[in-house]
file run17.cif (mmCIF, C-alpha atoms)
data_data
loop_
_atom_site.label_atom_id
_atom_site.label_comp_id
_atom_site.auth_asym_id
_atom_site.auth_seq_id
_atom_site.Cartn_x
_atom_site.Cartn_y
_atom_site.Cartn_z
CA MET A 532 138.68 -56.99 -6.95
CA PRO A 533 139.34 -53.50 -8.34
CA ARG A 534 142.17 -54.97 -10.42
CA LEU A 535 139.86 -57.70 -11.77
CA ILE A 536 137.24 -55.11 -12.67
CA ARG A 537 139.89 -53.03 -14.39
CA TYR A 538 141.05 -56.03 -16.44
CA ILE A 539 137.47 -56.82 -17.40
CA ALA A 540 136.93 -53.20 -18.45
CA TYR A 541 140.09 -53.22 -20.56
CA GLY A 542 139.07 -56.50 -22.17
CA ALA A 543 135.58 -55.21 -22.89
CA ALA A 544 136.99 -52.04 -24.46
CA PHE A 545 139.33 -54.07 -26.67
CA ALA A 546 136.50 -56.38 -27.73
CA ALA A 547 134.32 -53.35 -28.51
CA LEU A 548 137.02 -51.97 -30.82
CA LEU A 549 137.25 -55.29 -32.66
CA LEU A 550 133.47 -55.47 -32.97
CA ALA A 551 133.26 -51.92 -34.29
CA ALA A 552 135.97 -52.66 -36.86
CA ALA A 553 134.12 -55.80 -37.93
CA VAL A 554 130.81 -53.93 -38.32
CA LEU A 555 132.43 -51.17 -40.35
CA GLY A 556 134.25 -53.70 -42.52
CA PHE A 557 131.04 -55.63 -43.15
CA ARG A 558 129.21 -52.45 -44.11
CA ASP A 559 132.01 -51.57 -46.50
CA LEU A 560 131.78 -55.04 -48.06
CA LEU A 561 128.05 -54.65 -48.61
CA GLY A 562 128.62 -51.20 -50.08
CA ARG A 563 131.03 -52.63 -52.64
CA ALA A 564 128.28 -54.86 -54.02
CA HIS A 565 125.76 -52.00 -54.25
CA PRO A 566 127.65 -48.92 -55.42
CA ASP A 567 126.06 -45.57 -56.08
CA PRO A 568 125.11 -45.15 -59.76
CA LEU A 569 127.74 -43.50 -61.92
CA PRO A 570 126.82 -40.29 -63.73
CA PRO A 571 125.92 -40.93 -67.39
CA LEU A 572 128.44 -40.19 -70.10
CA PRO A 573 127.24 -37.67 -72.71
CA ALA A 574 126.60 -39.34 -76.05
CA GLU A 575 129.15 -37.23 -77.89
CA ARG A 576 131.92 -38.17 -75.47
CA GLY A 577 131.02 -41.84 -75.74
CA ALA A 578 131.16 -41.62 -79.52
CA GLN A 579 134.67 -40.16 -79.31
CA ALA A 580 136.00 -42.92 -77.05
CA PRO A 581 138.09 -45.39 -79.09
CA ARG A 582 137.13 -49.04 -79.25
CA PRO A 583 138.62 -52.04 -81.02
CA GLY A 584 137.30 -53.19 -84.34
CA ILE A 585 135.98 -56.70 -84.86
CA ASP A 586 137.91 -58.61 -87.52
CA PRO A 587 135.38 -60.87 -89.28
CA THR A 588 138.13 -63.44 -89.97
CA LYS A 589 138.70 -64.05 -86.25
CA PRO A 590 136.43 -65.60 -83.63
CA THR A 591 135.16 -63.08 -81.09
CA VAL A 592 135.38 -63.25 -77.32
CA VAL A 593 132.89 -61.04 -75.46
CA VAL A 594 133.65 -60.26 -71.81
CA VAL A 595 130.25 -59.38 -70.34
CA LEU A 596 130.03 -56.62 -67.73
CA GLY A 597 127.15 -55.86 -65.38
CA ALA A 598 125.19 -52.64 -65.56
CA ASP A 599 126.35 -51.66 -62.08
CA ILE A 600 129.39 -53.62 -60.87
CA THR A 601 131.52 -56.58 -61.93
CA GLU A 602 134.31 -58.49 -60.20
CA ILE A 603 137.57 -57.02 -61.48
CA THR A 604 139.70 -60.18 -61.53
CA ASP A 605 137.02 -62.20 -63.31
CA ALA A 606 136.74 -59.57 -66.05
CA LEU A 607 140.32 -58.47 -66.65
CA GLY A 608 141.97 -61.87 -66.10
CA PRO A 609 140.36 -63.65 -69.06
CA TYR A 610 140.47 -60.47 -71.15
CA GLU A 611 144.26 -60.46 -70.84
CA MET A 612 144.62 -64.17 -71.50
CA PHE A 613 142.51 -64.32 -74.66
CA ALA A 614 143.99 -61.08 -75.99
CA ARG A 615 147.50 -62.52 -75.59
CA THR A 616 146.72 -65.38 -77.96
CA GLY A 617 146.43 -63.04 -80.95
CA ARG A 618 143.77 -65.42 -82.31
CA PHE A 619 140.59 -63.67 -81.14
CA ASN A 620 138.77 -60.37 -81.20
CA VAL A 621 138.38 -59.57 -77.49
CA VAL A 622 135.87 -56.92 -76.45
CA THR A 623 133.90 -55.89 -73.37
CA ALA A 624 130.15 -55.35 -73.50
CA ALA A 625 127.49 -54.21 -71.03
CA PRO A 626 123.74 -53.53 -71.30
CA GLU A 627 124.52 -49.95 -72.36
CA ARG A 628 127.71 -48.24 -73.45
CA GLN A 629 127.83 -46.29 -70.23
CA PRO A 630 130.42 -46.28 -67.43
CA THR A 631 130.22 -49.23 -65.07
CA LEU A 632 132.32 -50.22 -62.08
CA LEU A 633 134.72 -53.02 -61.41
CA THR A 634 135.26 -53.99 -57.79
CA GLY A 635 137.95 -51.88 -56.15
CA GLY A 636 136.55 -48.69 -57.67
CA LEU A 637 137.86 -48.90 -61.24
CA ARG A 638 135.45 -47.14 -63.58
CA ILE A 639 135.31 -48.64 -67.08
CA LEU A 640 133.58 -47.73 -70.33
CA PRO A 641 132.61 -50.93 -72.18
CA HIS A 642 133.70 -51.20 -75.79
CA TYR A 643 130.16 -51.97 -76.89
CA ALA A 644 126.59 -52.20 -75.71
CA LEU A 645 125.29 -55.76 -75.91
CA ALA A 646 123.03 -54.90 -78.86
CA GLU A 647 125.98 -53.30 -80.66
CA VAL A 648 127.90 -56.57 -80.48
CA ASP A 649 125.05 -58.30 -82.27
CA ALA A 650 125.04 -55.59 -84.92
CA ARG A 651 128.83 -55.77 -85.44
CA LEU A 652 128.70 -59.56 -85.72
CA ARG A 653 125.70 -59.30 -88.08
CA GLY A 654 123.68 -61.70 -85.99
CA LYS A 655 126.45 -64.28 -85.73
CA ALA A 656 127.10 -65.54 -82.22
CA PRO A 657 130.39 -64.78 -80.45
CA ALA A 658 132.70 -67.77 -80.26
CA ILE A 659 133.10 -67.35 -76.49
CA VAL A 660 131.10 -65.39 -73.96
CA LEU A 661 133.17 -64.71 -70.82
CA VAL A 662 130.99 -64.33 -67.75
CA PRO A 663 132.59 -62.78 -64.64
CA ASN A 664 130.93 -62.52 -61.27
CA ILE A 665 128.15 -59.94 -61.56
CA PRO A 666 127.01 -59.71 -57.92
CA ASN A 667 123.57 -58.25 -58.69
CA ILE A 668 122.79 -60.38 -61.73
CA ALA A 669 119.27 -61.16 -60.48
CA GLU A 670 118.29 -57.48 -60.26
CA ALA A 671 116.26 -55.71 -62.95
CA GLN A 672 119.15 -53.55 -64.13
CA ASN A 673 120.95 -56.70 -65.32
CA ALA A 674 117.97 -58.37 -66.98
CA ALA A 675 119.43 -57.55 -70.40
CA VAL A 676 122.59 -59.48 -69.50
CA VAL A 677 120.56 -62.58 -68.62
CA ALA A 678 118.55 -62.31 -71.84
CA PHE A 679 121.68 -62.04 -73.98
CA LEU A 680 123.30 -65.00 -72.21
CA GLN A 681 120.24 -67.08 -73.01
CA ARG A 682 120.19 -66.02 -76.64
CA TRP A 683 123.91 -66.43 -77.25
CA ALA A 684 123.86 -69.85 -75.60
CA ALA A 685 121.01 -70.88 -77.90
CA THR A 686 123.16 -70.00 -80.93
CA GLY A 687 126.02 -72.24 -79.80
CA ALA A 688 128.50 -69.80 -78.22
CA ILE A 689 130.81 -71.26 -75.58
CA MET A 690 129.64 -69.86 -72.23
CA HIS A 691 132.68 -69.62 -69.97
CA SER A 692 132.30 -68.33 -66.42
CA TRP A 693 135.01 -67.33 -63.98
CA CYS A 694 134.50 -67.85 -60.26
CA THR A 695 130.96 -66.89 -59.18
CA GLY A 696 130.19 -65.85 -62.74
CA ALA A 697 128.46 -69.23 -62.76
CA MET A 698 125.67 -67.47 -60.86
CA ALA A 699 124.79 -65.54 -64.03
CA LEU A 700 124.66 -68.76 -66.04
CA ALA A 701 122.42 -70.29 -63.37
CA GLU A 702 120.20 -67.19 -63.36
CA ALA A 703 119.80 -67.64 -67.11
CA GLY A 704 118.71 -71.25 -66.55
CA LEU A 705 121.66 -72.62 -68.51
CA LEU A 706 122.92 -74.89 -65.74
CA ASP A 707 119.67 -76.59 -64.72
CA GLY A 708 120.23 -80.32 -64.34
CA ARG A 709 123.98 -80.03 -64.89
CA THR A 710 127.04 -80.16 -62.69
CA ALA A 711 128.70 -76.79 -62.14
CA THR A 712 131.18 -75.14 -59.83
CA ALA A 713 132.06 -71.68 -58.53
CA HIS A 714 134.02 -70.04 -55.73
CA TRP A 715 134.03 -72.31 -52.68
CA GLY A 716 132.84 -69.47 -50.43
CA ASP A 717 129.66 -68.99 -52.49
CA LEU A 718 128.66 -72.59 -53.13
CA ALA A 719 126.33 -72.86 -50.13
CA LEU A 720 124.44 -69.73 -51.20
CA LEU A 721 124.28 -70.92 -54.80
CA GLU A 722 122.94 -74.32 -53.73
CA GLU A 723 120.14 -72.57 -51.87
CA ARG A 724 119.37 -70.08 -54.63
CA TYR A 725 119.68 -72.46 -57.62
CA PRO A 726 118.70 -75.95 -56.38
CA ARG A 727 118.26 -77.31 -59.93
CA VAL A 728 122.01 -77.07 -60.48
CA ARG A 729 124.27 -79.85 -59.17
CA TRP A 730 127.02 -77.77 -57.59
CA VAL A 731 130.21 -79.77 -57.15
CA ARG A 732 133.36 -79.38 -55.05
CA GLY A 733 136.89 -80.65 -55.36
CA VAL A 734 137.43 -79.44 -58.94
CA ARG A 735 138.99 -76.32 -60.42
CA TRP A 736 136.69 -76.32 -63.45
CA VAL A 737 133.81 -78.17 -65.07
CA ASP A 738 133.76 -78.55 -68.87
CA HIS A 739 130.54 -79.56 -70.63
CA GLY A 740 131.78 -78.52 -74.05
CA GLN A 741 129.61 -75.45 -74.58
CA LEU A 742 129.49 -74.64 -70.87
CA VAL A 743 132.77 -74.18 -68.98
CA MET A 744 132.72 -73.02 -65.34
CA SER A 745 135.68 -72.38 -63.08
CA ALA A 746 135.96 -72.40 -59.31
CA GLY A 747 137.46 -69.49 -57.39
CA ILE A 748 140.13 -66.94 -58.40
CA THR A 749 143.09 -68.66 -60.14
CA SER A 750 140.93 -71.62 -61.16
CA GLY A 751 139.67 -69.29 -63.88
CA VAL A 752 143.19 -69.26 -65.34
CA ASP A 753 143.11 -73.05 -65.58
CA ALA A 754 139.69 -73.06 -67.22
CA SER A 755 140.61 -70.34 -69.72
CA LEU A 756 143.81 -72.18 -70.65
CA ARG A 757 141.67 -75.22 -71.32
CA VAL A 758 139.31 -73.25 -73.58
CA ILE A 759 142.23 -71.61 -75.38
CA GLY A 760 143.77 -75.04 -75.90
CA ARG A 761 140.54 -76.34 -77.36
CA LEU A 762 140.05 -73.48 -79.82
CA ALA A 763 143.60 -72.27 -80.60
CA GLY A 764 145.70 -75.32 -79.81
CA ASP A 765 147.70 -76.60 -76.89
CA SER A 766 150.88 -74.80 -77.97
CA VAL A 767 149.10 -71.43 -77.85
CA ALA A 768 147.64 -72.18 -74.43
CA ARG A 769 151.05 -73.18 -73.09
CA ARG A 770 152.60 -70.01 -74.53
CA VAL A 771 150.00 -67.86 -72.75
CA ALA A 772 150.70 -69.75 -69.50
CA ARG A 773 154.42 -69.00 -69.87
CA GLU A 774 153.84 -65.34 -70.69
CA ILE A 775 151.70 -64.76 -67.61
CA ARG A 776 154.18 -66.78 -65.52
CA TYR A 777 151.56 -69.33 -64.56
CA PRO A 778 153.48 -72.08 -62.75
CA ASP A 779 151.35 -75.20 -63.11
CA TYR A 780 149.78 -76.09 -66.45
CA ARG A 781 148.61 -79.49 -65.19
CA PHE A 782 145.38 -78.03 -63.83
CA ALA A 783 144.44 -77.00 -67.36
CA LEU A 784 144.40 -80.72 -68.15
CA ASP A 785 143.06 -82.22 -64.94
CA PRO A 786 140.59 -80.23 -62.78
CA ARG A 787 140.82 -82.41 -59.68
CA ALA A 788 142.04 -80.58 -56.58
CA GLU A 789 141.69 -80.77 -52.83
CA GLN A 790 138.64 -78.78 -51.82
CA PHE A 791 139.54 -75.80 -49.68
CA ALA A 792 138.12 -75.86 -46.17
CA ARG A 793 138.43 -73.40 -43.33
CA ARG A 794 140.98 -74.38 -40.70
CA PRO A 795 141.60 -72.96 -37.21
CA ALA A 796 144.54 -70.89 -38.46
CA ASP A 797 142.23 -69.04 -40.87
CA PHE A 798 140.43 -67.41 -37.96
CA VAL A 799 143.56 -65.34 -37.29
CA LEU A 800 142.75 -63.44 -40.50
CA LEU A 801 139.13 -62.98 -39.42
CA THR A 802 140.26 -61.56 -36.08
#

call {"tool": "encode", "arguments": {"input": "run17.cif", "output": "structure tokens"}}
result
Amino acid sequence: MPRLIRYIAYGAAFAALLLAAAVLGFRDLLGRAHPDPLPPLPAERGAQAPRPGIDPTKPTVVVVLGADITEITDALGPYEMFARTGRFNVVTAAPERQPTLLTGGLRILPHYALAEVDARLRGKAPAIVLVPNIPNIAEAQNAAVVAFLQRWAATGAIMHSWCTGAMALAEAGLLDGRTATAHWGDLALLEERYPRVRWVRGVRWVDHGQLVMSAGITSGVDASLRVIGRLAGDSVARRVAREIRYPDYRFALDPRAEQFARRPADFVLLT
């Protein structure tokens, strides 16, 4: 009996360590989505920071950033891809030209405030608005982002979301009554939060012409290659795929894919 009690005590201690690690990890995950505000950048320093010009002879791609935090892969992935084409102006924009965070702790100064983009384009809509996952898109600090998405969509810009960036399009009411997709891990939450959208599985992207949404992570590469192919030509899209060493161009042509589902082996990672 003493040995059994000892084994039970050891097992309980081990389980307590795992539980504590899980609690701390979950708290850290929540903290990533709600970071502490960054100190403001003095106006004179912001004015000195270089930013790209906007060539009026080229279509413009605007990568939208949240006021507080934005998913790093969703923002920098399409930025790199569209910049590589050499066919577009590619800029980042946020509600204000103040430092904002990308997930992982990277602090970034947007090229422009959203209103500045309008001024630089002289009221003309961007050709493409890239929408990454902005976790707190429904909060007041990101209301300006939602308003600009609505206005740019009304002027005919292609609204292209990566991963759960589709949440921002749904928040703006742009997906009501349409099929859409996003990261598989967020679809259940999105279905509950935005029931007017027909969220679909088993595809890497959904293309409605003006509205292009991708599913999770690398699906955004497929969707962006499709958009690049539409606007700059298939040869340019294939060149970008080669340059970034993307192995399978077929998903830029056909979005069908087996829907990911959790399997018993995945619980090893959770443990």

call {"tool": "residues_around", "arguments": {"input": "run17.cif", "residues": "Gly751 in chain A", "least_positions_apart": "6", "cutoff": "8 Å", "atoms": "all atoms listed in the file", "output": "PyMOL selection string"}}
result
chain A and resi 605+609+692-694+735-736+745

call {"tool": "resolve_selection", "arguments": {"input": "run17.cif", "expression": "the PyMOL selection byres ((chain A and resi 754-757) around 6)", "output": "list in words"}}
result
Trp736, Ser745, Gly751, Val752, Asp753, Val758, Ile759, Gly760, Ala768 and Ala783 of chain A

call {"tool": "resolve_selection", "arguments": {"input": "run17.cif", "expression": "the PyMOL selection byres ((chain A and resi 691) around 10)", "output": "list in words"}}
result
Val594, Pro609, Ile659, Val660, Leu661, Val662, Pro663, Ala688, Ile689, Met690, Ser692, Trp693, Gly696, Ala697, Leu700, Val737, Asp738, Gly740, Gln741, Leu742, Val743, Met744, Ser745, Gly751, Ala754, Ser755 and Val758 of chain A

call {"tool": "closest_residue", "arguments": {"input": "run17.cif", "among": "A:Leu680, A:Leu572, A:Ile668, A:Ala644", "to": "Glu602 in chain A", "atoms": "all atoms listed in the file"}}
result
A:Ile668

call {"tool": "closest_residue", "arguments": {"input": "run17.cif", "among": "A:Ala684, A:Ala746, A:Leu640, A:Val767", "to": "Phe613 in chain A", "atoms": "all atoms listed in the file"}}
result
A:Val767

call {"tool": "residues_around", "arguments": {"input": "run17.cif", "residues": "Thr591 in chain A", "least_positions_apart": "4", "cutoff": "12 Å", "atoms": "all atoms listed in the file", "output": "VMD selection string"}}
result
chain A and resid 583 to 587 610 613 to 614 617 to 624 648 to 649 651 to 652 655 to 661 688 to 689 762

call {"tool": "atom_distance", "arguments": {"input": "run17.cif", "atom1": "CA of Ser766 in chain A", "atom2": "CA of Thr616 in chain A"}}
result
10.3 Å

call {"tool": "resolve_selection", "arguments": {"input": "run17.cif", "expression": "the PyMOL selection byres ((chain A and resi 577) around 12)", "output": "PDB file with C-alpha atoms, in the coordinates of the input"}}
result
ATOM      1  CA  PRO A 571     125.920 -40.930 -67.390  1.00  0.00           C
ATOM      2  CA  LEU A 572     128.440 -40.190 -70.100  1.00  0.00           C
ATOM      3  CA  PRO A 573     127.240 -37.670 -72.710  1.00  0.00           C
ATOM      4  CA  ALA A 574     126.600 -39.340 -76.050  1.00  0.00           C
ATOM      5  CA  GLU A 575     129.150 -37.230 -77.890  1.00  0.00           C
ATOM      6  CA  ARG A 576     131.920 -38.170 -75.470  1.00  0.00           C
ATOM      7  CA  ALA A 578     131.160 -41.620 -79.520  1.00  0.00           C
ATOM      8  CA  GLN A 579     134.670 -40.160 -79.310  1.00  0.00           C
ATOM      9  CA  ALA A 580     136.000 -42.920 -77.050  1.00  0.00           C
ATOM     10  CA  PRO A 581     138.090 -45.390 -79.090  1.00  0.00           C
ATOM     11  CA  ARG A 582     137.130 -49.040 -79.250  1.00  0.00           C
ATOM     12  CA  GLU A 627     124.520 -49.950 -72.360  1.00  0.00           C
ATOM     13  CA  ARG A 628     127.710 -48.240 -73.450  1.00  0.00           C
ATOM     14  CA  GLN A 629     127.830 -46.290 -70.230  1.00  0.00           C
ATOM     15  CA  PRO A 630     130.420 -46.280 -67.430  1.00  0.00           C
ATOM     16  CA  ILE A 639     135.310 -48.640 -67.080  1.00  0.00           C
ATOM     17  CA  LEU A 640     133.580 -47.730 -70.330  1.00  0.00           C
ATOM     18  CA  PRO A 641     132.610 -50.930 -72.180  1.00  0.00           C
ATOM     19  CA  HIS A 642     133.700 -51.200 -75.790  1.00  0.00           C
ATOM     20  CA  TYR A 643     130.160 -51.970 -76.890  1.00  0.00           C
ATOM     21  CA  ALA A 644     126.590 -52.200 -75.710  1.00  0.00           C
TER      22      ALA A 644
END

call {"tool": "atom_distance", "arguments": {"input": "run17.cif", "atom1": "CA of Ala788 in chain A", "atom2": "CA of Asp717 in chain A"}}
result
17.4 Å

call {"tool": "atom_distance", "arguments": {"input": "run17.cif", "atom1": "CA of Ala678 in chain A", "atom2": "CA of Gly747 in chain A"}}
result
24.9 Å

call {"tool": "residues_around", "arguments": {"input": "run17.cif", "residues": "Thr634 in chain A", "least_positions_apart": "3", "cutoff": "7 Å", "atoms": "all atoms listed in the file", "output": "list in words"}}
result
Arg563, Ile600, Thr601, Glu602, Ile603 and Leu637 of chain A

call {"tool": "closest_residue", "arguments": {"input": "run17.cif", "among": "A:Leu569, A:Ala675, A:Leu720, A:Met612", "to": "Arg770 in chain A", "atoms": "all atoms listed in the file"}}
result
A:Met612

call {"tool": "residues_around", "arguments": {"input": "run17.cif", "residues": "Thr710 in chain A", "least_positions_apart": "3", "cutoff": "9 Å", "atoms": "only C-alpha atoms", "output": "list in words"}}
result
Leu706, Asp707, Val728, Arg729, Trp730, Val731, Val737 and His739 of chain A

call {"tool": "closest_residue", "arguments": {"input": "run17.cif", "among": "A:Ile536, A:Ala772, A:Leu596, A:Leu718", "to": "Asn667 in chain A", "atoms": "only C-alpha atoms"}}
result
A:Leu596

call {"tool": "closest_residue", "arguments": {"input": "run17.cif", "among": "A:Gly764, A:Glu647, A:Val595, A:Ser750", "to": "Arg781 in chain A", "atoms": "only C-alpha atoms"}}
result
A:Ser750

call {"tool": "axis_aligned_box", "arguments": {"input": "run17.cif", "around": "range 609-615 of chain A", "padding_each_side": "3 Å", "output": "JSON"}}
result
{"center_x": 143.9, "center_y": -62.4, "center_z": -72.5, "size_x": 13.1, "size_y": 9.9, "size_z": 12.9}
